[in-house]
>>> print(open('start.cif').read())   # mmCIF, C-alpha atoms
data_input
loop_
_atom_site.label_atom_id
_atom_site.label_comp_id
_atom_site.auth_asym_id
_atom_site.auth_seq_id
_atom_site.Cartn_x
_atom_site.Cartn_y
_atom_site.Cartn_z
CA MET Q 25 107.35 130.52 104.99
CA VAL Q 26 109.35 127.50 106.16
CA CYS Q 27 112.46 125.95 104.64
CA ARG Q 28 112.04 122.48 103.15
CA LYS Q 29 114.92 120.99 105.13
CA GLU Q 30 113.20 121.91 108.40
CA ILE Q 31 110.12 119.87 107.47
CA VAL Q 32 112.22 116.97 106.19
CA SER Q 33 114.18 116.90 109.47
CA PHE Q 34 110.92 116.99 111.43
CA LEU Q 35 109.54 114.02 109.51
CA ASN Q 36 112.75 112.02 109.73
CA GLU Q 37 112.69 112.48 113.49
CA LEU Q 38 108.99 111.61 113.71
CA PHE Q 39 109.52 108.27 111.98
CA SER Q 40 112.89 107.41 113.51
CA GLU Q 41 111.19 105.20 116.12
CA VAL Q 42 109.63 103.05 113.39
CA ASN Q 43 112.52 102.95 110.94
CA ILE Q 44 111.74 99.45 109.67
CA PRO Q 45 112.54 97.60 106.41
CA ASP Q 46 110.09 98.39 103.64
CA PHE Q 47 109.11 97.66 100.05
CA SER Q 48 109.50 101.34 99.21
CA TYR Q 49 112.19 103.99 99.33
CA ASN Q 50 110.85 106.29 102.02
CA GLY Q 51 111.64 109.93 102.61
CA LEU Q 52 111.98 112.92 100.29
CA GLN Q 53 111.42 111.59 96.76
CA PHE Q 54 111.30 114.84 94.80
CA GLU Q 55 112.74 118.27 95.54
CA GLY Q 56 110.53 121.19 94.69
CA THR Q 57 110.62 124.72 96.03
CA ASP Q 58 112.86 125.39 99.03
CA GLU Q 59 110.37 127.73 100.71
CA ILE Q 60 107.17 126.05 101.87
CA LYS Q 61 103.89 127.96 102.09
CA LYS Q 62 101.29 125.16 102.21
CA ILE Q 63 101.17 121.46 103.14
CA VAL Q 64 99.06 118.89 101.31
CA ALA Q 65 98.70 115.17 101.95
CA GLY Q 66 97.14 112.16 100.27
CA VAL Q 67 97.36 108.41 99.93
CA ASP Q 68 98.86 107.95 96.45
CA ALA Q 69 101.56 109.77 94.50
CA THR Q 70 99.93 110.17 91.08
CA VAL Q 71 99.79 112.77 88.33
CA GLN Q 72 96.20 113.50 89.37
CA PHE Q 73 97.39 114.16 92.92
CA PHE Q 74 100.29 116.38 91.80
CA ASP Q 75 98.05 118.43 89.52
CA GLU Q 76 95.48 118.84 92.27
CA ALA Q 77 98.19 119.88 94.73
CA LYS Q 78 99.21 122.66 92.35
CA LYS Q 79 95.61 123.84 91.99
CA ARG Q 80 95.33 124.10 95.76
CA GLY Q 81 98.62 125.93 96.19
CA GLY Q 82 100.45 123.10 97.91
CA ASP Q 83 104.23 122.96 97.71
CA PHE Q 84 105.06 120.16 100.19
CA ALA Q 85 103.18 116.86 99.81
CA PHE Q 86 103.16 113.94 102.22
CA VAL Q 87 101.88 110.61 100.85
CA HIS Q 88 101.62 106.98 101.93
CA HIS Q 89 102.33 105.35 98.56
CA GLY Q 90 105.25 107.09 96.89
CA LEU Q 91 106.86 106.74 93.46
CA PHE Q 92 109.86 104.51 94.12
CA TRP Q 93 109.60 100.83 95.09
CA LYS Q 94 112.34 98.28 95.67
CA GLY Q 95 112.44 95.82 92.81
CA GLY Q 96 110.37 98.19 90.70
CA GLU Q 97 112.93 100.93 90.21
CA TRP Q 98 112.68 103.24 87.24
CA SER Q 99 115.12 101.92 84.62
CA ARG Q 100 114.40 104.59 82.04
CA LEU Q 101 112.53 107.86 81.62
CA ASP Q 102 109.77 106.58 79.35
CA ARG Q 103 106.73 108.63 78.38
CA TYR Q 104 104.86 107.67 81.54
CA ASN Q 105 107.68 108.59 83.89
CA ILE Q 106 108.27 111.82 81.97
CA LYS Q 107 104.61 112.71 82.50
CA ILE Q 108 105.05 112.19 86.26
CA PHE Q 109 108.28 114.20 86.27
CA LYS Q 110 106.73 117.07 84.31
CA SER Q 111 103.74 117.22 86.64
CA LEU Q 112 105.96 117.43 89.73
CA LEU Q 113 108.24 119.97 88.09
CA ASN Q 114 105.33 122.07 86.91
CA ALA Q 115 103.93 122.15 90.44
CA ASN Q 116 107.40 122.77 91.95
CA LEU Q 117 106.19 120.23 94.52
CA ASN Q 118 108.22 118.55 97.23
CA LEU Q 119 107.19 114.90 97.61
CA PHE Q 120 107.77 112.99 100.85
CA ALA Q 121 106.58 109.37 101.08
CA MET Q 122 106.28 107.00 104.05
CA HIS Q 123 104.90 103.48 103.64
CA LEU Q 124 105.14 100.76 106.34
CA PRO Q 125 106.42 103.12 109.06
CA LEU Q 126 103.22 105.13 108.62
CA ASP Q 127 101.15 101.99 109.16
CA ALA Q 128 103.17 101.07 112.23
CA HIS Q 129 103.56 104.43 113.97
CA PRO Q 130 102.02 104.23 117.48
CA GLU Q 131 100.48 107.72 117.38
CA VAL Q 132 99.92 108.99 113.83
CA GLY Q 133 99.88 105.61 112.08
CA ASN Q 134 96.91 104.23 110.18
CA ASN Q 135 96.43 101.30 112.53
CA ALA Q 136 96.81 103.23 115.78
CA ILE Q 137 94.22 105.76 114.63
CA ILE Q 138 91.81 103.04 113.52
CA ALA Q 139 92.11 101.35 116.93
CA LYS Q 140 91.19 104.63 118.59
CA LEU Q 141 88.24 105.15 116.25
CA LEU Q 142 86.95 101.67 117.11
CA LYS Q 143 87.35 102.40 120.86
CA ALA Q 144 89.84 99.55 121.23
CA GLU Q 145 92.93 99.67 123.44
CA LYS Q 146 96.18 98.74 121.70
CA VAL Q 147 97.46 95.76 123.69
CA ALA Q 148 100.05 94.15 121.39
CA PRO Q 149 101.76 94.51 118.02
CA PHE Q 150 100.26 92.48 115.18
CA GLY Q 151 100.69 91.70 111.50
CA MET Q 152 104.28 90.94 110.55
CA CYS Q 153 105.58 92.48 107.32
CA LYS Q 154 109.23 92.45 106.25
CA GLY Q 155 110.04 90.99 109.68
CA ASN Q 156 108.30 93.67 111.75
CA PRO Q 157 104.74 94.18 113.04
CA VAL Q 158 102.90 97.01 111.30
CA GLY Q 159 99.53 96.69 113.04
CA PHE Q 160 98.06 96.26 116.49
CA ILE Q 161 95.77 94.00 118.44
CA GLY Q 162 92.98 96.13 119.83
CA LYS Q 163 91.01 94.95 122.85
CA PHE Q 164 87.58 96.17 123.86
CA GLU Q 165 86.88 96.82 127.52
CA GLU Q 166 84.02 94.32 127.39
CA PRO Q 167 83.04 91.77 124.73
CA ILE Q 168 80.89 93.23 121.95
CA SER Q 169 78.89 91.60 119.19
CA ILE Q 170 80.35 91.29 115.73
CA ASP Q 171 77.44 93.44 114.54
CA GLU Q 172 78.46 96.19 116.97
CA LEU Q 173 82.01 96.13 115.61
CA LYS Q 174 80.68 96.38 112.05
CA SER Q 175 78.55 99.34 113.10
CA ARG Q 176 81.59 101.11 114.58
CA ILE Q 177 83.60 100.47 111.41
CA GLU Q 178 80.91 101.86 109.13
CA LYS Q 179 80.30 104.85 111.40
CA ASN Q 180 83.92 105.80 112.10
CA VAL Q 181 86.18 104.26 109.43
CA ALA Q 182 84.57 103.32 106.12
CA LYS Q 183 81.89 101.27 104.41
CA ILE Q 184 82.50 97.53 104.76
CA ASN Q 185 83.33 95.72 101.53
CA THR Q 186 83.63 92.15 102.79
CA HIS Q 187 82.78 90.20 105.93
CA LEU Q 188 83.95 86.60 106.18
CA ASP Q 189 81.63 85.51 108.97
CA PHE Q 190 83.53 82.51 110.28
CA GLY Q 191 84.05 83.51 113.92
CA LYS Q 192 82.21 83.96 117.20
CA LYS Q 193 79.16 86.18 117.56
CA MET Q 194 80.70 87.92 120.59
CA ILE Q 195 84.24 89.22 120.20
CA GLN Q 196 86.76 91.17 122.28
CA THR Q 197 89.94 91.43 120.22
CA VAL Q 198 90.61 92.71 116.72
CA GLY Q 199 93.82 92.54 114.73
CA ILE Q 200 94.10 95.79 112.79
CA VAL Q 201 96.28 95.96 109.67
CA SER Q 202 95.31 98.62 107.14
CA GLY Q 203 95.62 98.18 103.39
CA GLY Q 204 96.50 94.68 102.21
CA GLY Q 205 96.75 93.03 105.62
CA TRP Q 206 94.54 90.00 105.02
CA ASN Q 207 97.55 87.65 105.18
CA SER Q 208 98.09 88.50 108.85
CA ILE Q 209 95.89 85.42 109.35
CA THR Q 210 99.26 83.63 109.69
CA ASP Q 211 100.30 85.78 112.68
CA PRO Q 212 101.13 83.63 115.75
CA ALA Q 213 98.54 85.58 117.76
CA VAL Q 214 95.82 84.03 115.60
CA TYR Q 215 97.17 80.53 116.26
CA ARG Q 216 97.19 81.25 120.01
CA GLY Q 217 93.55 82.35 119.88
CA ASP Q 218 94.36 85.94 120.86
CA VAL Q 219 92.49 87.50 117.91
CA ASP Q 220 88.75 87.20 117.22
CA VAL Q 221 88.57 89.41 114.12
CA ILE Q 222 91.02 90.77 111.58
CA PHE Q 223 90.17 94.18 110.17
CA THR Q 224 91.99 95.25 107.04
CA GLY Q 225 91.55 96.90 103.66
CA GLU Q 226 91.28 94.02 101.22
CA ILE Q 227 91.06 90.24 100.90
CA GLN Q 228 92.33 87.88 98.22
CA HIS Q 229 90.59 84.68 97.17
CA GLN Q 230 93.17 82.36 98.69
CA GLY Q 231 92.57 83.85 102.11
CA VAL Q 232 88.96 82.74 102.39
CA THR Q 233 89.69 79.11 103.23
CA GLN Q 234 92.33 80.13 105.76
CA TYR Q 235 89.82 82.25 107.67
CA ARG Q 236 87.20 79.52 107.47
CA ASP Q 237 89.61 76.85 108.72
CA ARG Q 238 90.78 79.01 111.62
CA GLU Q 239 87.19 80.04 112.47
CA ILE Q 240 87.96 83.75 112.59
CA HIS Q 241 86.21 86.81 111.14
CA LEU Q 242 87.71 89.02 108.48
CA ILE Q 243 86.27 92.45 107.78
CA SER Q 244 87.63 94.61 104.95
CA ALA Q 245 86.75 98.22 104.20
CA GLY Q 246 88.96 99.09 101.24
CA HIS Q 247 92.71 99.52 100.83
CA TYR Q 248 92.42 103.24 100.12
CA ALA Q 249 89.80 103.97 102.79
CA THR Q 250 91.78 102.33 105.59
CA GLU Q 251 94.94 104.24 104.68
CA THR Q 252 93.71 107.83 104.62
CA PHE Q 253 94.07 108.36 108.36
CA GLY Q 254 97.85 108.37 108.77
CA ALA Q 255 98.64 110.69 105.88
CA ASP Q 256 95.98 113.14 107.06
CA ALA Q 257 97.25 113.02 110.65
CA VAL Q 258 100.85 113.67 109.57
CA GLY Q 259 99.79 116.49 107.26
CA LYS Q 260 97.93 118.16 110.10
CA LEU Q 261 100.90 117.64 112.43
CA ILE Q 262 103.34 119.29 110.00
CA ALA Q 263 100.98 122.21 109.49
CA LYS Q 264 100.47 122.70 113.22
CA ASN Q 265 104.17 122.45 114.03
CA PHE Q 266 105.18 125.00 111.38
CA ASN Q 267 102.03 127.14 111.45
CA LEU Q 268 101.19 126.48 107.80
CA PRO Q 269 97.88 125.98 105.97
CA TYR Q 270 96.95 122.40 105.10
CA GLU Q 271 94.59 120.36 102.92
CA PHE Q 272 94.03 116.63 102.52
CA ILE Q 273 93.53 115.72 98.86
CA ASP Q 274 90.99 112.92 98.80
CA LEU Q 275 91.18 110.84 95.60
CA PRO Q 276 89.44 107.52 96.31
CA THR Q 277 90.23 104.59 94.04
CA GLY Q 278 87.09 102.61 94.88
CA LEU Q 279 89.26 99.72 96.09
#
>>> encode(input="start.cif", output="structure tokens")
Amino acid sequence: MVCRKEIVSFLNELFSEVNIPDFSYNGLQFEGTDEIKKIVAGVDATVQFFDEAKKRGGDFAFVHHGLFWKGGEWSRLDRYNIKIFKSLLNANLNLFAMHLPLDAHPEVGNNAIIAKLLKAEKVAPFGMCKGNPVGFIGKFEEPISIDELKSRIEKNVAKINTHLDFGKKMIQTVGIVSGGGWNSITDPAVYRGDVDVIFTGEIQHQGVTQYRDREIHLISAGHYATETFGADAVGKLIAKNFNLPYEFIDLPTGL
């Protein structure tokens, strides 16, 4: 068994290099048992996730999307919040959340892992959010076709939801921003012509004309699907460091 504070200290140190402003309150969000026997990880902090963590014997959970968001703070313990609280309490589950720093981390972050899966070298930061880049520009050793990139995405990342086919047939650089990174079309690197494709999780209607006007591809593969990698990598890292069992709890949203 491992003490909770040891794991919390380990995670705080891991993310100290990417301690950037965020929309969420990151870190330990709920204190459960002090003695940790099993690590679980997932994308979203939900009652379904907490209940599943209990079933699997998890007592320390690492997630990407936590419970507490700036501007959306709990103002009362209504019946929905009580349900969340009861589920966590019933599981005696520690909950640790990390949002933008998990996207931006150069080793265990969503975007760094996706770049590696696509066989692209990280050459520059990309995708400003809250004043800091959370993604990367990946560069392929040689130009590849847009169809080859799509094949790599579907083979190694997730099924493609949308392709805005407004760019060149041969590409060499891809701006990678997991989740809701479609608005990185405004990044200065796009204006300079340093990015041929943006790969993200989702696209909104108002982005279509921007991609068309700038003659650049957008490929999306789902907000959830593009953000499983970091949480899983961190969960495995905790388990390895403290010699604990681990499971990733996969609860796709379909979006």
>>> closest_residue(input="start.cif", among="Q:Lys94, Q:Arg103, Q:Lys143, Q:Lys79", to="Ala115 (chain Q)", atoms="all atoms listed in the file")
Q:Lys79
>>> resolve_selection(input="start.cif", expression="the PyMOL selection byres ((chain Q and resi 61) around 6)", output="list in words")
Met25, Ile60 and Lys62 of chain Q
>>> closest_residue(input="start.cif", among="Q:Gln230, Q:Thr197, Q:Thr70, Q:Asn265", to="Leu173 (chain Q)", atoms="all atoms listed in the file")
Q:Thr197
>>> residues_around(input="start.cif", residues="Gly66 (chain Q)", least_positions_apart="2", cutoff="10 Å", atoms="only C-alpha atoms", output="mmCIF file with C-alpha atoms, in the coordinates of the input")
data_model
loop_
_atom_site.group_PDB
_atom_site.id
_atom_site.type_symbol
_atom_site.label_atom_id
_atom_site.label_comp_id
_atom_site.auth_asym_id
_atom_site.auth_seq_id
_atom_site.Cartn_x
_atom_site.Cartn_y
_atom_site.Cartn_z
ATOM 1 C CA VAL Q 64 99.060 118.890 101.310
ATOM 2 C CA ASP Q 68 98.860 107.950 96.450
ATOM 3 C CA ALA Q 69 101.560 109.770 94.500
ATOM 4 C CA THR Q 70 99.930 110.170 91.080
ATOM 5 C CA PHE Q 73 97.390 114.160 92.920
ATOM 6 C CA PHE Q 74 100.290 116.380 91.800
ATOM 7 C CA ALA Q 77 98.190 119.880 94.730
ATOM 8 C CA ALA Q 85 103.180 116.860 99.810
ATOM 9 C CA PHE Q 86 103.160 113.940 102.220
ATOM 10 C CA VAL Q 87 101.880 110.610 100.850
ATOM 11 C CA HIS Q 88 101.620 106.980 101.930
ATOM 12 C CA HIS Q 89 102.330 105.350 98.560
ATOM 13 C CA ALA Q 121 106.580 109.370 101.080
ATOM 14 C CA GLU Q 251 94.940 104.240 104.680
ATOM 15 C CA THR Q 252 93.710 107.830 104.620
ATOM 16 C CA PHE Q 253 94.070 108.360 108.360
ATOM 17 C CA GLY Q 254 97.850 108.370 108.770
ATOM 18 C CA ALA Q 255 98.640 110.690 105.880
ATOM 19 C CA ASP Q 256 95.980 113.140 107.060
ATOM 20 C CA GLY Q 259 99.790 116.490 107.260
ATOM 21 C CA GLU Q 271 94.590 120.360 102.920
ATOM 22 C CA PHE Q 272 94.030 116.630 102.520
ATOM 23 C CA ILE Q 273 93.530 115.720 98.860
ATOM 24 C CA ASP Q 274 90.990 112.920 98.800
ATOM 25 C CA LEU Q 275 91.180 110.840 95.600
ATOM 26 C CA PRO Q 276 89.440 107.520 96.310
#
>>> closest_residue(input="start.cif", among="Q:Asp46, Q:Asp127, Q:Glu55, Q:Glu97", to="Asp83 (chain Q)", atoms="only C-alpha atoms")
Q:Glu55
>>> decode(input="start.cif", residues="region 82-104 of chain Q", atoms="N, CA, C and O atoms", output="CSV table (one decimal), in the first residue's frame")
chain,number,residue,atom,x,y,z
Q,82,GLY,N,-10.6,0.3,-7.4
Q,82,GLY,CA,-9.7,1.5,-7.5
Q,82,GLY,C,-10.0,2.4,-6.3
Q,82,GLY,O,-11.1,2.6,-5.8
Q,83,ASP,N,-8.9,3.0,-5.8
Q,83,ASP,CA,-9.1,4.0,-4.7
Q,83,ASP,C,-8.3,5.3,-4.9
Q,83,ASP,O,-8.4,6.2,-4.1
Q,84,PHE,N,-7.6,5.4,-6.1
Q,84,PHE,CA,-7.0,6.7,-6.5
Q,84,PHE,C,-7.3,6.8,-8.0
Q,84,PHE,O,-6.8,6.0,-8.8
Q,85,ALA,N,-8.1,7.8,-8.3
Q,85,ALA,CA,-8.4,8.1,-9.7
Q,85,ALA,C,-7.8,9.3,-10.3
Q,85,ALA,O,-7.8,10.4,-9.7
Q,86,PHE,N,-7.2,9.2,-11.5
Q,86,PHE,CA,-6.7,10.3,-12.2
Q,86,PHE,C,-7.6,10.5,-13.4
Q,86,PHE,O,-7.8,9.6,-14.2
Q,87,VAL,N,-8.0,11.8,-13.6
Q,87,VAL,CA,-8.9,12.1,-14.7
Q,87,VAL,C,-8.4,13.4,-15.4
Q,87,VAL,O,-7.7,14.2,-14.8
Q,88,HIS,N,-8.9,13.6,-16.7
Q,88,HIS,CA,-8.6,14.8,-17.4
Q,88,HIS,C,-9.6,15.9,-17.1
Q,88,HIS,O,-9.2,17.0,-16.9
Q,89,HIS,N,-10.9,15.5,-17.2
Q,89,HIS,CA,-11.9,16.5,-16.9
Q,89,HIS,C,-12.5,16.3,-15.5
Q,89,HIS,O,-13.2,15.3,-15.2
Q,90,GLY,N,-12.1,17.1,-14.6
Q,90,GLY,CA,-12.5,17.0,-13.2
Q,90,GLY,C,-13.9,17.6,-12.9
Q,90,GLY,O,-14.7,17.8,-13.8
Q,91,LEU,N,-14.2,17.8,-11.6
Q,91,LEU,CA,-15.5,18.3,-11.1
Q,91,LEU,C,-15.6,19.8,-11.1
Q,91,LEU,O,-16.7,20.3,-11.2
Q,92,PHE,N,-14.5,20.5,-10.8
Q,92,PHE,CA,-14.6,21.9,-10.4
Q,92,PHE,C,-13.9,22.8,-11.5
Q,92,PHE,O,-12.8,22.7,-11.8
Q,93,TRP,N,-14.8,23.7,-12.0
Q,93,TRP,CA,-14.4,24.6,-13.1
Q,93,TRP,C,-14.6,26.1,-12.7
Q,93,TRP,O,-15.6,26.4,-12.1
Q,94,LYS,N,-13.6,26.9,-13.1
Q,94,LYS,CA,-13.7,28.3,-12.8
Q,94,LYS,C,-14.8,29.0,-13.5
Q,94,LYS,O,-14.9,28.9,-14.7
Q,95,GLY,N,-15.6,29.7,-12.8
Q,95,GLY,CA,-16.8,30.3,-13.3
Q,95,GLY,C,-18.0,29.4,-13.3
Q,95,GLY,O,-19.2,29.8,-13.5
Q,96,GLY,N,-17.8,28.1,-13.0
Q,96,GLY,CA,-18.9,27.2,-12.8
Q,96,GLY,C,-18.9,26.5,-11.5
Q,96,GLY,O,-19.2,25.3,-11.4
Q,97,GLU,N,-18.4,27.2,-10.5
Q,97,GLU,CA,-18.2,26.6,-9.1
Q,97,GLU,C,-19.6,26.2,-8.6
Q,97,GLU,O,-20.6,26.8,-8.8
Q,98,TRP,N,-19.5,25.1,-7.8
Q,98,TRP,CA,-20.7,24.7,-7.1
Q,98,TRP,C,-21.1,25.8,-6.1
Q,98,TRP,O,-20.3,26.2,-5.3
Q,99,SER,N,-22.4,26.2,-6.2
Q,99,SER,CA,-22.9,27.2,-5.2
Q,99,SER,C,-23.8,26.7,-4.2
Q,99,SER,O,-24.2,27.3,-3.2
Q,100,ARG,N,-24.2,25.4,-4.4
Q,100,ARG,CA,-25.0,24.7,-3.4
Q,100,ARG,C,-24.9,23.2,-3.6
Q,100,ARG,O,-24.5,22.8,-4.7
Q,101,LEU,N,-25.2,22.5,-2.6
Q,101,LEU,CA,-25.2,21.0,-2.7
Q,101,LEU,C,-26.7,20.6,-3.1
Q,101,LEU,O,-27.5,20.2,-2.3
Q,102,ASP,N,-27.0,20.7,-4.4
Q,102,ASP,CA,-28.3,20.3,-4.9
Q,102,ASP,C,-28.3,18.8,-5.0
Q,102,ASP,O,-27.4,18.1,-4.8
Q,103,ARG,N,-29.4,18.2,-5.5
Q,103,ARG,CA,-29.6,16.8,-5.6
Q,103,ARG,C,-28.6,16.1,-6.6
Q,103,ARG,O,-28.2,15.0,-6.4
Q,104,TYR,N,-28.2,16.9,-7.6
Q,104,TYR,CA,-27.2,16.4,-8.5
Q,104,TYR,C,-25.8,16.3,-7.9
Q,104,TYR,O,-25.1,15.3,-8.0
